[in-house]
Amino acid sequence: MGSRKCGGCLSRLLIPLALWSIIVNILLYFPNGQTSYASSSKLTNYVLYFEGICFSGVMMLIVAAVLLVLENDNSCKCSQSENCSKKYMTLLSMIFSALGIAFSGYCLVISALGLVQGPYCRTLNGWEYAFEGTAGRFLTDSSIWIQCLEPAHVVEWNIILFSILITLSGLQVIVCLIRVVIQLSKISCGTYSVIIQPGII
């Protein structure tokens, strides 16, 4: 019972994390709150990977919904025994938790790449990735941020929002990993076996 309540709390935690990921990813489309750069395709390329909107957002909402349904005792029934139901619930829970790790992990990696690459901005040489060759060193040297003339404050905008996405997706990975550990502990401690015994239909 305790592990079930814990699993339910973890699944519910995924919902606000996913919603915030969607919001943050949408904000990346509007540097400094301006819409003109999105309409003219002058955005950092990693923004267009939909890492926060789709993977850490919509897909994680689906994962959270399925996991919450699986936490319901009556959500999965077997014709012969309650134990059979628990076997399938454990398997499905582990599968969807693993999918959650994959989705949020994708967002984590893409957001990290976007953070290290730096923003697409207008410099004295035209529109380019001004800090692409710095291997992320520009993150700790704010004195060179003035190279980006337009959009205004785009460096800070990208750093803050990509960092938030990294944090949100990282938390999602941790939550899903904890869920996998909980399910594995049930199996290893003999709470119930996920191997269907012969003769059970």
# chains A, B, ... in the order shown; residues from 1 in each chain; ligands from 1
>>> closest_atom_pairs(of="region 84-150 of chain A", to="region 29-40 of chain A", cutoff="12 Å", atoms="only C-alpha atoms", output="CSV")
residue,atom,partner,partner_atom,distance
A:Pro119,CA,A:Pro31,CA,9.7
A:Tyr120,CA,A:Tyr37,CA,10.3
A:Cys121,CA,A:Tyr37,CA,9.9
A:Arg122,CA,A:Tyr37,CA,11.2
A:Trp127,CA,A:Tyr37,CA,11.7
A:Glu150,CA,A:Pro31,CA,9.5
>>> write_last_selection(atoms="all heavy atoms", output="tab-separated table (two decimals), in the first residue's frame")
chain	number	residue	atom	x	y	z
A	119	PRO	N	22.93	31.06	-28.49
A	119	PRO	CA	21.81	31.53	-29.32
A	119	PRO	C	22.21	31.87	-30.75
A	119	PRO	O	23.37	32.14	-31.03
A	119	PRO	CB	21.35	32.78	-28.56
A	119	PRO	CG	22.61	33.31	-27.94
A	119	PRO	CD	23.40	32.09	-27.54
A	120	TYR	N	21.19	31.87	-31.60
A	120	TYR	CA	21.34	32.36	-32.97
A	120	TYR	C	21.00	33.85	-32.94
A	120	TYR	O	19.88	34.22	-32.59
A	120	TYR	CB	20.39	31.61	-33.90
A	120	TYR	CG	20.52	31.96	-35.36
A	120	TYR	CD1	21.68	31.66	-36.06
A	120	TYR	CD2	19.47	32.58	-36.04
A	120	TYR	CE1	21.80	31.96	-37.41
A	120	TYR	CE2	19.58	32.89	-37.38
A	120	TYR	CZ	20.74	32.57	-38.07
A	120	TYR	OH	20.86	32.87	-39.41
A	121	CYS	N	21.95	34.69	-33.26
A	121	CYS	CA	21.73	36.12	-33.08
A	121	CYS	C	22.46	36.92	-34.15
A	121	CYS	O	23.32	36.40	-34.88
A	121	CYS	CB	22.18	36.56	-31.69
A	121	CYS	SG	23.95	36.29	-31.38
A	122	ARG	N	22.12	38.19	-34.23
A	122	ARG	CA	22.78	39.08	-35.19
A	122	ARG	C	24.00	39.70	-34.53
A	122	ARG	O	23.92	40.31	-33.47
A	122	ARG	CB	21.82	40.19	-35.65
A	122	ARG	CG	22.44	41.11	-36.73
A	122	ARG	CD	21.43	42.11	-37.23
A	122	ARG	NE	21.06	43.06	-36.19
A	122	ARG	CZ	21.76	44.15	-35.87
A	122	ARG	NH1	22.91	44.42	-36.51
A	122	ARG	NH2	21.33	44.96	-34.93
A	127	TRP	N	23.80	37.33	-39.08
A	127	TRP	CA	23.15	36.34	-38.23
A	127	TRP	C	23.98	35.06	-38.18
A	127	TRP	O	24.32	34.48	-39.21
A	127	TRP	CB	21.75	36.01	-38.76
A	127	TRP	CG	20.78	37.13	-38.49
A	127	TRP	CD1	20.53	38.20	-39.29
A	127	TRP	CD2	19.97	37.28	-37.32
A	127	TRP	NE1	19.60	39.02	-38.70
A	127	TRP	CE2	19.23	38.48	-37.49
A	127	TRP	CE3	19.78	36.53	-36.16
A	127	TRP	CZ2	18.33	38.95	-36.54
A	127	TRP	CZ3	18.88	36.99	-35.22
A	127	TRP	CH2	18.17	38.18	-35.40
A	150	GLU	N	21.21	41.43	-31.55
A	150	GLU	CA	19.78	41.23	-31.72
A	150	GLU	C	19.49	39.73	-31.77
A	150	GLU	O	20.26	38.98	-32.37
A	150	GLU	CB	19.32	41.89	-33.02
A	150	GLU	CG	17.83	41.86	-33.26
A	150	GLU	CD	17.47	42.41	-34.63
A	150	GLU	OE1	18.38	42.86	-35.36
A	150	GLU	OE2	16.29	42.36	-34.99
>>> residues_around(residues="Ser169 (chain A)", least_positions_apart="5", cutoff="7 Å", atoms="only C-alpha atoms", output="MDAnalysis selection string")
chainID A and resid 56 104:105 107:108
>>> write_last_selection(atoms="all heavy atoms", output="PDB file, in the first residue's frame")
ATOM      1  N   SER A  56       9.149  16.117 -23.314  1.00  0.00           N
ATOM      2  CA  SER A  56       9.006  16.314 -21.869  1.00  0.00           C
ATOM      3  C   SER A  56       7.641  16.889 -21.518  1.00  0.00           C
ATOM      4  O   SER A  56       7.314  17.021 -20.344  1.00  0.00           O
ATOM      5  CB  SER A  56      10.093  17.253 -21.332  1.00  0.00           C
ATOM      6  OG  SER A  56      11.220  16.516 -20.926  1.00  0.00           O
ATOM      7  N   SER A 104      12.091  12.126 -21.423  1.00  0.00           N
ATOM      8  CA  SER A 104      12.702  13.221 -20.665  1.00  0.00           C
ATOM      9  C   SER A 104      14.208  13.272 -20.892  1.00  0.00           C
ATOM     10  O   SER A 104      14.813  14.352 -20.898  1.00  0.00           O
ATOM     11  CB  SER A 104      12.393  13.079 -19.176  1.00  0.00           C
ATOM     12  OG  SER A 104      12.744  11.795 -18.690  1.00  0.00           O
ATOM     13  N   GLY A 105      14.819  12.112 -21.108  1.00  0.00           N
ATOM     14  CA  GLY A 105      16.246  12.077 -21.409  1.00  0.00           C
ATOM     15  C   GLY A 105      16.563  12.771 -22.722  1.00  0.00           C
ATOM     16  O   GLY A 105      17.583  13.458 -22.852  1.00  0.00           O
ATOM     17  N   CYS A 107      14.840  15.269 -24.009  1.00  0.00           N
ATOM     18  CA  CYS A 107      14.742  16.705 -23.725  1.00  0.00           C
ATOM     19  C   CYS A 107      15.987  17.201 -22.997  1.00  0.00           C
ATOM     20  O   CYS A 107      16.495  18.287 -23.289  1.00  0.00           O
ATOM     21  CB  CYS A 107      13.488  16.984 -22.903  1.00  0.00           C
ATOM     22  SG  CYS A 107      13.258  18.731 -22.482  1.00  0.00           S
ATOM     23  N   LEU A 108      16.470  16.411 -22.068  1.00  0.00           N
ATOM     24  CA  LEU A 108      17.660  16.787 -21.299  1.00  0.00           C
ATOM     25  C   LEU A 108      18.863  16.968 -22.207  1.00  0.00           C
ATOM     26  O   LEU A 108      19.606  17.969 -22.106  1.00  0.00           O
ATOM     27  CB  LEU A 108      17.937  15.716 -20.244  1.00  0.00           C
ATOM     28  CG  LEU A 108      19.154  15.908 -19.342  1.00  0.00           C
ATOM     29  CD1 LEU A 108      19.005  17.168 -18.505  1.00  0.00           C
ATOM     30  CD2 LEU A 108      19.345  14.693 -18.442  1.00  0.00           C
TER      31      LEU A 108
END
>>> closest_residue(among="A:Leu70, A:Val58, A:Leu13, A:Leu91", to="Lys186 (chain A)", atoms="only C-alpha atoms")
A:Leu91
>>> closest_residue(among="A:Ser97, A:Ser11, A:Gln117, A:Gln183", to="Thr134 (chain A)", atoms="only C-alpha atoms")
A:Gln117
>>> select_by_dssp(residues="region 7-192 of chain A", states="strand (DSSP E or B)", output="JSON, numbers by chain")
{"A": [120, 121, 122, 123, 126, 127, 128, 129, 150]}
>>> atom_distance(atom1="CA of Ser188 (chain A)", atom2="CA of Phe96 (chain A)")
19.5 Å
>>> closest_residue(among="A:Val181, A:Met60, A:Leu161, A:Val24", to="Ala102 (chain A)", atoms="only C-alpha atoms")
A:Met60
>>> closest_residue(among="A:Ile187, A:Leu92, A:Leu61, A:Val155", to="Asp141 (chain A)", atoms="only C-alpha atoms")
A:Val155
>>> residues_around(residues="Ile164 (chain A)", least_positions_apart="6", cutoff="10 Å", atoms="only C-alpha atoms", output="ChimeraX atom specification")
/A:20-21,24-25,111,158,170
